[in-house]
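**Student:** Provided herewith is a single structure, encoded as structure tokens, for subsequent inquiry.
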Amino acid sequence: MKFTPTSTKLRPLLTMALLCCAGLVSAQAAYPSRPITIVVPFPAAGSTDVLGRILAQSMSQSLKQSVVIENVGGAGGTVGASKVARAQADGHTLLFHNMAQASAPALYAKLPYDPGTDFESIGRVVDVPMILVARKDLAASNLQGVIALAKSGKPELNFANAGVGATSHLCEVLLRSATKSSWLSVPYKGTGPALNDLLGGQVDLICDQPASTIGHIKAGNLKPIATASRERLNALPSVPTMNESGLPGFELSVWHGLYAPKGTPRPVIEKVNAALLHALRDPALLQRFKDMGAIPTLPADASPEILASFLKAEIEKWKGAMKGAGVRAE
């Protein structure tokens, strides 16, 4: 085959293009080439942080690289999520976020990112049913007693949460609406400080994930009221559900997903997803999740496509729920 002068001139360009492609394939094949950072958009010691650290430990084994957690709290998880949205799309910065990833558009009028389009979904990881807990010396010991105290207003109940938009805040909002009760909402900068004040008796209640409360419950330092699960938790079999406690149909589980910045190459997404699937089959991880009252996602349901579709539906669901409750952060 003879080359025309024009085609000869194209040779250097074609060579450069092939070299660039080869370099990209090589870089993706070598992934990860350095430690991976998973951003948890909440302070340390909260439920999402604890679950993220367990996940990171298991994933590091299959990726054969260090996987470290970076806590970037603030504004109901939006500060940390924004950081990942702006990060280099090479798979070395990931986001482990809970259902607040879906509720943020309903709470914040101006988000610095779009949860539905500025991330690549990797896979759903774990669900954690919420639990209502009280300071150990609260006069009420069951849900009906809490509702009676709230409606009497004598004294006014103080209901802690980890900040506007946090899952504990969302649970509080839905619980107040479902019970037609009122109390003083007390936002904190994370679950850790909220629990510290609950343990110290400065506030009365919090609705949070068992991952952060179960140890205190078993030690007798917090009083469990009811779980927002369909069935009683294996880790807390003596604690009734909201349904059993006179609030039929009240169920709320905090789902968690793993994400990468938009534009992360598909081969990298697939490699991280493979590490996630490996983790979801890891007996040590499964046992630790179980001990915390958490329900790991089945590997068959942990694909990028399923998470992307689920997130889209959840964003619409929370827009309706927050509008109905009259809640907006700004």
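Chain labels A, B, ... are given in the sequence in which chains occur in the structure tokens; within each chain residues are numbered consecutively from 1, and ligands are likewise numbered from 1 in the order shown.
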Near A:Ser168, counting only C-alpha atoms, which residues have an atom at most 7 Å away, once you skip same-chain residues fewer than 2 positions from it, shown as a PDB file with N, CA and C atoms, in the first residue's frame?
**Tutor:**
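This is the output file out_25.pdb:
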```pdb
ATOM      1  N   ASN A 161     -29.147  15.860  66.941  1.00  0.00           N
ATOM      2  CA  ASN A 161     -28.838  15.273  65.639  1.00  0.00           C
ATOM      3  C   ASN A 161     -27.424  15.680  65.247  1.00  0.00           C
ATOM      4  N   ALA A 162     -26.900  15.027  64.223  1.00  0.00           N
ATOM      5  CA  ALA A 162     -25.514  15.251  63.814  1.00  0.00           C
ATOM      6  C   ALA A 162     -25.353  16.417  62.848  1.00  0.00           C
ATOM      7  N   ALA A 166     -27.985  15.537  58.076  1.00  0.00           N
ATOM      8  CA  ALA A 166     -27.448  14.237  58.498  1.00  0.00           C
ATOM      9  C   ALA A 166     -28.592  13.245  58.651  1.00  0.00           C
ATOM     10  N   LEU A 170     -32.649  13.658  59.485  1.00  0.00           N
ATOM     11  CA  LEU A 170     -33.740  13.204  58.625  1.00  0.00           C
ATOM     12  C   LEU A 170     -34.688  12.287  59.379  1.00  0.00           C
ATOM     13  N   CYS A 171     -34.123  11.404  60.200  1.00  0.00           N
ATOM     14  CA  CYS A 171     -34.959  10.505  60.999  1.00  0.00           C
ATOM     15  C   CYS A 171     -35.803  11.308  61.978  1.00  0.00           C
ATOM     16  N   GLU A 172     -35.198  12.305  62.602  1.00  0.00           N
ATOM     17  CA  GLU A 172     -35.927  13.159  63.549  1.00  0.00           C
ATOM     18  C   GLU A 172     -37.089  13.870  62.861  1.00  0.00           C
ATOM     19  N   ILE A 206     -31.745  10.810  70.539  1.00  0.00           N
ATOM     20  CA  ILE A 206     -31.184  10.888  69.195  1.00  0.00           C
ATOM     21  C   ILE A 206     -31.698   9.681  68.413  1.00  0.00           C
ATOM     22  N   CYS A 207     -31.947   9.876  67.141  1.00  0.00           N
ATOM     23  CA  CYS A 207     -32.317   8.776  66.250  1.00  0.00           C
ATOM     24  C   CYS A 207     -31.129   8.563  65.328  1.00  0.00           C
ATOM     25  N   ASP A 208     -30.413   7.474  65.521  1.00  0.00           N
ATOM     26  CA  ASP A 208     -29.166   7.282  64.785  1.00  0.00           C
ATOM     27  C   ASP A 208     -28.984   5.818  64.422  1.00  0.00           C
TER      28      ASP A 208
END
```
**Student:** Give the strand (DSSP E) residues of stretch 42-248 of chain A, as assigned by DSSP on the backbone, as a ChimeraX atom specification.
**Tutor:** /A:67-71,93-97,119-129,131-135,158-161,184-187,205-208,222-227
**Student:** Taking the DSSP secondary structure from the backbone, can you list the residues of stretch 50-238 of chain A that are alpha helix (DSSP H), as a PyMOL selection string?
**Tutor:** chain A and resi 50-63+78-85+100-107+143-152+167-179+191-199+210-218
**Student:** So how far away is atom CA of A:Leu138 from atom CA of A:Gly215, in Å?
**Tutor:**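 Answer for the atom CA of A:Gly215 to atom CA of A:Leu138 separation: 18.6 Å.
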**Student:** So, counting only C-alpha atoms, which residue among A:Ile147, A:Leu157, A:Leu94, A:Val72 is closest to A:Ser177?
**Tutor:**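 That would be A:Ile147, the residue with the smallest distance to A:Ser177.
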**Student:** Report as a PDB file with C-alpha atoms, in the first residue's frame all protein, DNA and RNA residues lying within 10 Å of A:Thr48, evaluated on only C-alpha atoms, omitting residues in the same chain fewer than 5 positions from it.
**Tutor:**
```
ATOM      1  CA  VAL A  40     -16.182  10.015  54.601  1.00  0.00           C
ATOM      2  CA  PRO A  41     -18.100  13.308  54.620  1.00  0.00           C
ATOM      3  CA  PHE A  42     -18.722  13.232  58.372  1.00  0.00           C
ATOM      4  CA  PRO A  43     -16.545  13.530  61.493  1.00  0.00           C
ATOM      5  CA  ARG A  53     -13.125   2.020  58.008  1.00  0.00           C
ATOM      6  CA  PHE A  96     -18.280   6.672  50.927  1.00  0.00           C
ATOM      7  CA  HIS A  97     -21.593   8.380  51.569  1.00  0.00           C
ATOM      8  CA  ASN A  98     -24.924   7.501  53.090  1.00  0.00           C
ATOM      9  CA  VAL A 128     -28.341   0.266  58.618  1.00  0.00           C
ATOM     10  CA  THR A 167     -29.322  10.957  58.689  1.00  0.00           C
ATOM     11  CA  THR A 191     -22.580  12.151  65.709  1.00  0.00           C
ATOM     12  CA  GLN A 209     -27.560   4.160  63.406  1.00  0.00           C
ATOM     13  CA  ALA A 211     -23.182   1.319  64.613  1.00  0.00           C
ATOM     14  CA  SER A 212     -22.559   4.326  66.858  1.00  0.00           C
ATOM     15  CA  VAL A 254     -29.572   4.345  56.098  1.00  0.00           C
ATOM     16  CA  TRP A 255     -28.110   3.023  52.875  1.00  0.00           C
ATOM     17  CA  HIS A 256     -24.473   3.628  51.969  1.00  0.00           C
TER      18      HIS A 256
END
```
**Student:** Please compute the atom CA of A:Ala279-atom CA of A:Val239 distance, one decimal, in Å.
**Tutor:**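 Atom CA of A:Val239 lies 29.2 Å from atom CA of A:Ala279.
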**Student:** Nearest residue to A:Ala106 out of A:Gly246, A:Leu55, A:Gly165, A:Leu258, using only C-alpha atoms?
**Tutor:** A:Gly165
**Student:** Please provide as an MDAnalysis selection string all residues within 12 Å of A:His169, with the sequence filter that same-chain residues fewer than 6 positions apart are discarded (counting only C-alpha atoms).
**Tutor:** chainID A and resid 75:76 99:100 103 107 130 132 159:163 175:176 185:191 194 205:209 254 322 327:329
**Student:** Need to verify the contact set: A:Asp291, 9 Å, only C-alpha atoms, exclusion of same-chain residues closer than 4 positions in sequence. Can you return it as a list in words?
**Tutor:**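 These residues fall inside the cut-off: Ala211, Ile214, Asn234, Ala235, Leu286 and Gln287 of chain A.
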**Student:** Go ahead and dump the residues you just picked, N, CA and C atoms, as a JSON list (two decimals), in the first residue's frame.
**Tutor:**
```json
[["chain", "number", "residue", "atom", "x", "y", "z"],
["A", 211, "ALA", "N", -24.64, 1.39, 64.66],
["A", 211, "ALA", "CA", -23.18, 1.32, 64.61],
["A", 211, "ALA", "C", -22.54, 2.24, 65.64],
["A", 214, "ILE", "N", -24.76, 1.09, 69.62],
["A", 214, "ILE", "CA", -24.97, -0.25, 70.18],
["A", 214, "ILE", "C", -24.04, -0.55, 71.36],
["A", 234, "ASN", "N", -30.97, -8.48, 64.96],
["A", 234, "ASN", "CA", -30.31, -9.62, 65.60],
["A", 234, "ASN", "C", -29.37, -9.17, 66.71],
["A", 235, "ALA", "N", -28.76, -8.01, 66.51],
["A", 235, "ALA", "CA", -27.80, -7.51, 67.51],
["A", 235, "ALA", "C", -28.49, -6.96, 68.75],
["A", 286, "LEU", "N", -18.42, -9.22, 57.07],
["A", 286, "LEU", "CA", -19.82, -9.57, 57.27],
["A", 286, "LEU", "C", -20.16, -9.72, 58.76],
["A", 287, "GLN", "N", -19.26, -10.31, 59.53],
["A", 287, "GLN", "CA", -19.50, -10.49, 60.96],
["A", 287, "GLN", "C", -19.49, -9.15, 61.68]]
```
**Student:** Ranking A:Ser229, A:Ser309, A:Ser181, A:Gln144 by minimum distance to A:Thr117 and counting only C-alpha atoms, which one comes first?
**Tutor:** A:Ser309
